[in-house]
>>> print(open('work-v4.pdb').read())   # PDB, C-alpha atoms
MODEL        1
ATOM      1  CA  MET A 203      87.394 109.525  86.562  1.00  0.00           C
ATOM      2  CA  ASN A 204      86.605 112.280  89.059  1.00  0.00           C
ATOM      3  CA  THR A 205      89.164 114.429  90.851  1.00  0.00           C
ATOM      4  CA  TYR A 206      89.010 112.480  94.143  1.00  0.00           C
ATOM      5  CA  LEU A 207      89.717 109.201  92.364  1.00  0.00           C
ATOM      6  CA  ILE A 208      92.588 110.725  90.410  1.00  0.00           C
ATOM      7  CA  ILE A 209      94.160 112.113  93.596  1.00  0.00           C
ATOM      8  CA  GLY A 210      93.569 108.805  95.400  1.00  0.00           C
ATOM      9  CA  SER A 211      95.223 106.891  92.571  1.00  0.00           C
ATOM     10  CA  GLN A 212      98.265 109.155  92.635  1.00  0.00           C
ATOM     11  CA  VAL A 213      98.596 109.003  96.418  1.00  0.00           C
ATOM     12  CA  VAL A 214      98.268 105.204  96.461  1.00  0.00           C
ATOM     13  CA  ALA A 215     101.171 105.020  93.973  1.00  0.00           C
ATOM     14  CA  VAL A 216     103.265 107.084  96.410  1.00  0.00           C
ATOM     15  CA  ALA A 217     102.161 104.730  99.196  1.00  0.00           C
ATOM     16  CA  LEU A 218     103.327 101.754  97.152  1.00  0.00           C
ATOM     17  CA  LEU A 219     106.739 103.284  96.567  1.00  0.00           C
ATOM     18  CA  SER A 220     107.233 104.285 100.195  1.00  0.00           C
ATOM     19  CA  TYR A 221     105.975 101.022 101.683  1.00  0.00           C
ATOM     20  CA  ALA A 222     108.047  99.027  99.176  1.00  0.00           C
ATOM     21  CA  LEU A 223     111.227 100.906 100.113  1.00  0.00           C
ATOM     22  CA  GLY A 224     110.612 100.341 103.829  1.00  0.00           C
ATOM     23  CA  VAL A 225     109.910  96.632 103.449  1.00  0.00           C
ATOM     24  CA  PHE A 226     112.867  96.206 101.094  1.00  0.00           C
ATOM     25  CA  LEU A 227     115.218  97.805 103.630  1.00  0.00           C
ATOM     26  CA  GLU A 228     113.851  95.674 106.466  1.00  0.00           C
ATOM     27  CA  GLN A 229     114.059  92.478 104.421  1.00  0.00           C
ATOM     28  CA  ARG A 230     117.588  93.238 103.266  1.00  0.00           C
ATOM     29  CA  LYS A 231     119.135  94.401 106.551  1.00  0.00           C
ATOM     30  CA  ARG A 232     116.830  92.539 108.979  1.00  0.00           C
ATOM     31  CA  VAL A 233     116.727  95.475 111.401  1.00  0.00           C
ATOM     32  CA  VAL A 234     114.091  98.088 112.147  1.00  0.00           C
ATOM     33  CA  SER A 235     116.059 101.207 111.327  1.00  0.00           C
ATOM     34  CA  ILE A 236     114.758 104.768 111.264  1.00  0.00           C
ATOM     35  CA  PRO A 237     114.522 104.695 107.429  1.00  0.00           C
ATOM     36  CA  VAL A 238     112.469 101.470 107.620  1.00  0.00           C
ATOM     37  CA  LEU A 239     110.046 103.038 110.081  1.00  0.00           C
ATOM     38  CA  THR A 240     109.910 106.301 108.130  1.00  0.00           C
ATOM     39  CA  PHE A 241     109.135 104.681 104.771  1.00  0.00           C
ATOM     40  CA  ILE A 242     106.634 102.174 106.163  1.00  0.00           C
ATOM     41  CA  SER A 243     104.882 104.763 108.342  1.00  0.00           C
ATOM     42  CA  PHE A 244     104.651 107.217 105.445  1.00  0.00           C
ATOM     43  CA  GLY A 245     103.372 104.420 103.202  1.00  0.00           C
ATOM     44  CA  VAL A 246     100.614 103.591 105.681  1.00  0.00           C
ATOM     45  CA  LEU A 247      99.634 107.256 106.072  1.00  0.00           C
ATOM     46  CA  ALA A 248      99.625 107.719 102.308  1.00  0.00           C
ATOM     47  CA  ASP A 249      97.473 104.610 101.861  1.00  0.00           C
ATOM     48  CA  ILE A 250      94.992 105.844 104.475  1.00  0.00           C
ATOM     49  CA  THR A 251      94.856 109.186 102.657  1.00  0.00           C
ATOM     50  CA  ALA A 252      94.422 107.474  99.277  1.00  0.00           C
ATOM     51  CA  THR A 253      91.662 105.272 100.686  1.00  0.00           C
ATOM     52  CA  LEU A 254      89.801 108.302 102.011  1.00  0.00           C
ATOM     53  CA  PHE A 255      90.020 110.021  98.630  1.00  0.00           C
ATOM     54  CA  MET A 256      88.881 106.890  96.806  1.00  0.00           C
ATOM     55  CA  VAL A 257      85.931 106.386  99.147  1.00  0.00           C
ATOM     56  CA  ALA A 258      84.971 110.064  98.762  1.00  0.00           C
ATOM     57  CA  GLY A 259      85.162 109.769  94.973  1.00  0.00           C
ATOM     58  CA  SER A 260      83.350 106.451  94.698  1.00  0.00           C
ATOM     59  CA  SER A 261      79.717 106.299  93.746  1.00  0.00           C
ATOM     60  CA  LYS A 262      79.447 102.692  94.943  1.00  0.00           C
ATOM     61  CA  GLY A 263      79.681 103.177  98.704  1.00  0.00           C
ATOM     62  CA  LEU A 264      82.041 101.813 101.329  1.00  0.00           C
ATOM     63  CA  ILE A 265      81.499  98.097 100.834  1.00  0.00           C
ATOM     64  CA  THR A 266      82.648  96.796  97.461  1.00  0.00           C
ATOM     65  CA  LEU A 267      84.945  93.952  96.423  1.00  0.00           C
ATOM     66  CA  HIS A 268      87.643  96.493  95.586  1.00  0.00           C
ATOM     67  CA  GLY A 269      87.078  98.183  98.956  1.00  0.00           C
ATOM     68  CA  LEU A 270      87.223  94.977 100.989  1.00  0.00           C
ATOM     69  CA  ILE A 271      90.448  93.897  99.308  1.00  0.00           C
ATOM     70  CA  GLY A 272      91.953  97.341  99.875  1.00  0.00           C
ATOM     71  CA  TYR A 273      90.794  97.587 103.489  1.00  0.00           C
ATOM     72  CA  SER A 274      92.267  94.179 104.320  1.00  0.00           C
ATOM     73  CA  ALA A 275      95.592  95.122 102.728  1.00  0.00           C
ATOM     74  CA  LEU A 276      95.612  98.439 104.592  1.00  0.00           C
ATOM     75  CA  LEU A 277      94.918  96.590 107.836  1.00  0.00           C
ATOM     76  CA  ALA A 278      97.841  94.223 107.130  1.00  0.00           C
ATOM     77  CA  MET A 279     100.097  97.246 106.501  1.00  0.00           C
ATOM     78  CA  LEU A 280      98.909  98.958 109.660  1.00  0.00           C
ATOM     79  CA  ILE A 281      99.551  95.834 111.765  1.00  0.00           C
ATOM     80  CA  ASP A 282     103.010  95.543 110.199  1.00  0.00           C
ATOM     81  CA  CYS A 283     103.789  99.192 110.930  1.00  0.00           C
ATOM     82  CA  ILE A 284     102.627  98.990 114.546  1.00  0.00           C
ATOM     83  CA  SER A 285     104.505  95.709 115.077  1.00  0.00           C
ATOM     84  CA  LEU A 286     107.720  97.172 113.684  1.00  0.00           C
ATOM     85  CA  TRP A 287     107.398 100.263 115.896  1.00  0.00           C
ATOM     86  CA  GLN A 288     106.804  98.063 118.948  1.00  0.00           C
ATOM     87  CA  PHE A 289     109.823  95.926 118.066  1.00  0.00           C
ATOM     88  CA  ARG A 290     112.024  98.999 117.626  1.00  0.00           C
ATOM     89  CA  ILE A 291     110.875 100.541 120.914  1.00  0.00           C
ATOM     90  CA  LYS A 292     111.409  97.286 122.816  1.00  0.00           C
ATOM     91  CA  ASN A 293     114.649  96.111 121.160  1.00  0.00           C
ATOM     92  CA  GLY A 294     116.355  99.130 119.632  1.00  0.00           C
ATOM     93  CA  GLY A 295     117.572  99.599 116.109  1.00  0.00           C
ATOM     94  CA  THR A 296     120.397  97.076 115.977  1.00  0.00           C
ATOM     95  CA  THR A 297     118.605  93.911 117.126  1.00  0.00           C
ATOM     96  CA  PRO A 298     117.820  91.566 114.220  1.00  0.00           C
ATOM     97  CA  VAL A 299     114.101  91.292 113.500  1.00  0.00           C
ATOM     98  CA  LYS A 300     112.502  88.079 114.723  1.00  0.00           C
ATOM     99  CA  LYS A 301     111.668  85.570 112.008  1.00  0.00           C
ATOM    100  CA  GLY A 302     107.897  85.843 112.509  1.00  0.00           C
ATOM    101  CA  LEU A 303     107.858  89.630 112.155  1.00  0.00           C
ATOM    102  CA  HIS A 304     110.302  89.462 109.251  1.00  0.00           C
ATOM    103  CA  LEU A 305     107.975  87.032 107.421  1.00  0.00           C
ATOM    104  CA  TYR A 306     104.845  88.993 108.341  1.00  0.00           C
ATOM    105  CA  SER A 307     106.315  92.139 106.759  1.00  0.00           C
ATOM    106  CA  ARG A 308     106.974  90.209 103.566  1.00  0.00           C
ATOM    107  CA  TYR A 309     103.500  88.637 103.473  1.00  0.00           C
ATOM    108  CA  ALA A 310     101.770  91.935 104.273  1.00  0.00           C
ATOM    109  CA  PHE A 311     103.700  93.572 101.448  1.00  0.00           C
ATOM    110  CA  VAL A 312     102.836  90.819  98.968  1.00  0.00           C
ATOM    111  CA  TRP A 313      99.160  91.040  99.969  1.00  0.00           C
ATOM    112  CA  TRP A 314      99.232  94.823  99.626  1.00  0.00           C
ATOM    113  CA  VAL A 315     100.812  94.643  96.157  1.00  0.00           C
ATOM    114  CA  ALA A 316      98.231  92.024  95.125  1.00  0.00           C
ATOM    115  CA  ALA A 317      95.475  94.333  96.390  1.00  0.00           C
ATOM    116  CA  PHE A 318      97.061  97.276  94.539  1.00  0.00           C
ATOM    117  CA  ILE A 319      97.103  95.334  91.265  1.00  0.00           C
ATOM    118  CA  THR A 320      93.644  93.855  91.805  1.00  0.00           C
ATOM    119  CA  GLY A 321      92.231  97.254  92.731  1.00  0.00           C
ATOM    120  CA  GLY A 322      93.647  98.786  89.576  1.00  0.00           C
ATOM    121  CA  ALA A 323      92.266  95.960  87.457  1.00  0.00           C
ATOM    122  CA  LEU A 324      88.827  96.160  89.060  1.00  0.00           C
ATOM    123  CA  ALA A 325      88.757  99.941  88.633  1.00  0.00           C
ATOM    124  CA  MET A 326      89.670  99.609  84.948  1.00  0.00           C
ATOM    125  CA  MET A 327      86.910  97.040  84.410  1.00  0.00           C
ATOM    126  CA  ASN A 328      84.280  99.478  85.735  1.00  0.00           C
TER     127      ASN A 328
ENDMDL
END
>>> encode(input="work-v4.pdb", output="structure tokens")
Amino acid sequence: MNTYLIIGSQVVAVALLSYALGVFLEQRKRVVSIPVLTFISFGVLADITATLFMVAGSSKGLITLHGLIGYSALLAMLIDCISLWQFRIKNGGTTPVKKGLHLYSRYAFVWWVAAFITGGALAMMN
């Protein structure tokens, strides 16, 4: 594995940890607190960084099965992050999260974890 892929793999693990902490806090407390926004935002930024490293280190180009799965999961995370920021700005940090946003965060996280696992499996098969 080349250096870019190694760095990308390490950064995506950090993204998983950060995003997981943010979603866990939101799911547990049902509010969009500063720690929730910090962990989720950092997770998204780390995943974007990891994706850039993985694309730079890949010899297969931008469009692969692994890439499409990862891009869709990153998009779900990004939508979740933006939606949570919008909710916080509009409603403050003590208003309970609406059911739809609460569920979307959970589903986006599950999809992202599935993509993380699938991406690792696909990378190991190559």
>>> closest_residue(input="work-v4.pdb", among="A:Tyr273, A:Trp313, A:Trp287, A:Tyr206", to="Ser243 in chain A", atoms="only C-alpha atoms")
A:Trp287
>>> atom_distance(input="work-v4.pdb", atom1="CA of Gly245 in chain A", atom2="CA of Val216 in chain A")
7.3 Å
>>> closest_residue(input="work-v4.pdb", among="A:Gln229, A:Asn293, A:Ser261, A:Ser220", to="Ser307 in chain A", atoms="only C-alpha atoms")
A:Gln229
>>> closest_residue(input="work-v4.pdb", among="A:Leu264, A:Ala222, A:Ala248, A:Val234", to="Val315 in chain A", atoms="only C-alpha atoms")
A:Ala222
>>> axis_aligned_box(input="work-v4.pdb", around="range 235-240 of chain A", padding_each_side="6 Å", output="lines of an AutoDock Vina configuration file")
center_x = 113.0
center_y = 103.8
center_z = 109.4
size_x = 18.1
size_y = 17.1
size_z = 15.9
>>> resolve_selection(input="work-v4.pdb", expression="the PyMOL selection byres ((chain A and resi 227) around 12)", output="mmCIF file with C-alpha atoms, in the frame of the given file")
data_model
loop_
_atom_site.group_PDB
_atom_site.id
_atom_site.type_symbol
_atom_site.label_atom_id
_atom_site.label_comp_id
_atom_site.auth_asym_id
_atom_site.auth_seq_id
_atom_site.Cartn_x
_atom_site.Cartn_y
_atom_site.Cartn_z
ATOM 1 C CA SER A 220 107.233 104.285 100.195
ATOM 2 C CA TYR A 221 105.975 101.022 101.683
ATOM 3 C CA ALA A 222 108.047 99.027 99.176
ATOM 4 C CA LEU A 223 111.227 100.906 100.113
ATOM 5 C CA GLY A 224 110.612 100.341 103.829
ATOM 6 C CA VAL A 225 109.910 96.632 103.449
ATOM 7 C CA PHE A 226 112.867 96.206 101.094
ATOM 8 C CA GLU A 228 113.851 95.674 106.466
ATOM 9 C CA GLN A 229 114.059 92.478 104.421
ATOM 10 C CA ARG A 230 117.588 93.238 103.266
ATOM 11 C CA LYS A 231 119.135 94.401 106.551
ATOM 12 C CA ARG A 232 116.830 92.539 108.979
ATOM 13 C CA VAL A 233 116.727 95.475 111.401
ATOM 14 C CA VAL A 234 114.091 98.088 112.147
ATOM 15 C CA SER A 235 116.059 101.207 111.327
ATOM 16 C CA ILE A 236 114.758 104.768 111.264
ATOM 17 C CA PRO A 237 114.522 104.695 107.429
ATOM 18 C CA VAL A 238 112.469 101.470 107.620
ATOM 19 C CA LEU A 239 110.046 103.038 110.081
ATOM 20 C CA THR A 240 109.910 106.301 108.130
ATOM 21 C CA PHE A 241 109.135 104.681 104.771
ATOM 22 C CA ILE A 242 106.634 102.174 106.163
ATOM 23 C CA VAL A 299 114.101 91.292 113.500
ATOM 24 C CA HIS A 304 110.302 89.462 109.251
ATOM 25 C CA SER A 307 106.315 92.139 106.759
ATOM 26 C CA ARG A 308 106.974 90.209 103.566
#
>>> resolve_selection(input="work-v4.pdb", expression="the PyMOL selection byres ((chain A and resi 284) around 12)", output="number ranges by chain")
A: 234, 239, 242-243, 246, 277-283, 285-291, 303, 306-307
>>> atom_distance(input="work-v4.pdb", atom1="CA of Asp249 in chain A", atom2="CA of Thr297 in chain A")
28.2 Å
>>> residues_around(input="work-v4.pdb", residues="Gly272 in chain A", least_positions_apart="3", cutoff="8 Å", atoms="all atoms listed in the file", output="list in words")
Thr253, His268, Gly269, Ala275, Leu276, Trp314, Ala317, Phe318 and Gly321 of chain A
>>> atom_distance(input="work-v4.pdb", atom1="CA of Ser211 in chain A", atom2="CA of Ile265 in chain A")
18.3 Å
>>> resolve_selection(input="work-v4.pdb", expression="the PyMOL selection byres ((chain A and resi 254-257) around 8)", output="ChimeraX atom specification")
/A:206-207,209-211,250-253,258-260,263-264
>>> closest_residue(input="work-v4.pdb", among="A:Ile208, A:Phe311, A:Ala325, A:Gly294", to="Lys262 in chain A", atoms="all atoms listed in the file")
A:Ala325
>>> closest_residue(input="work-v4.pdb", among="A:Thr266, A:Lys300, A:Phe244, A:Ile271", to="Leu219 in chain A", atoms="only C-alpha atoms")
A:Phe244
>>> closest_residue(input="work-v4.pdb", among="A:Asn204, A:Thr320, A:Pro298, A:Leu247", to="Ala217 in chain A", atoms="all atoms listed in the file")
A:Leu247
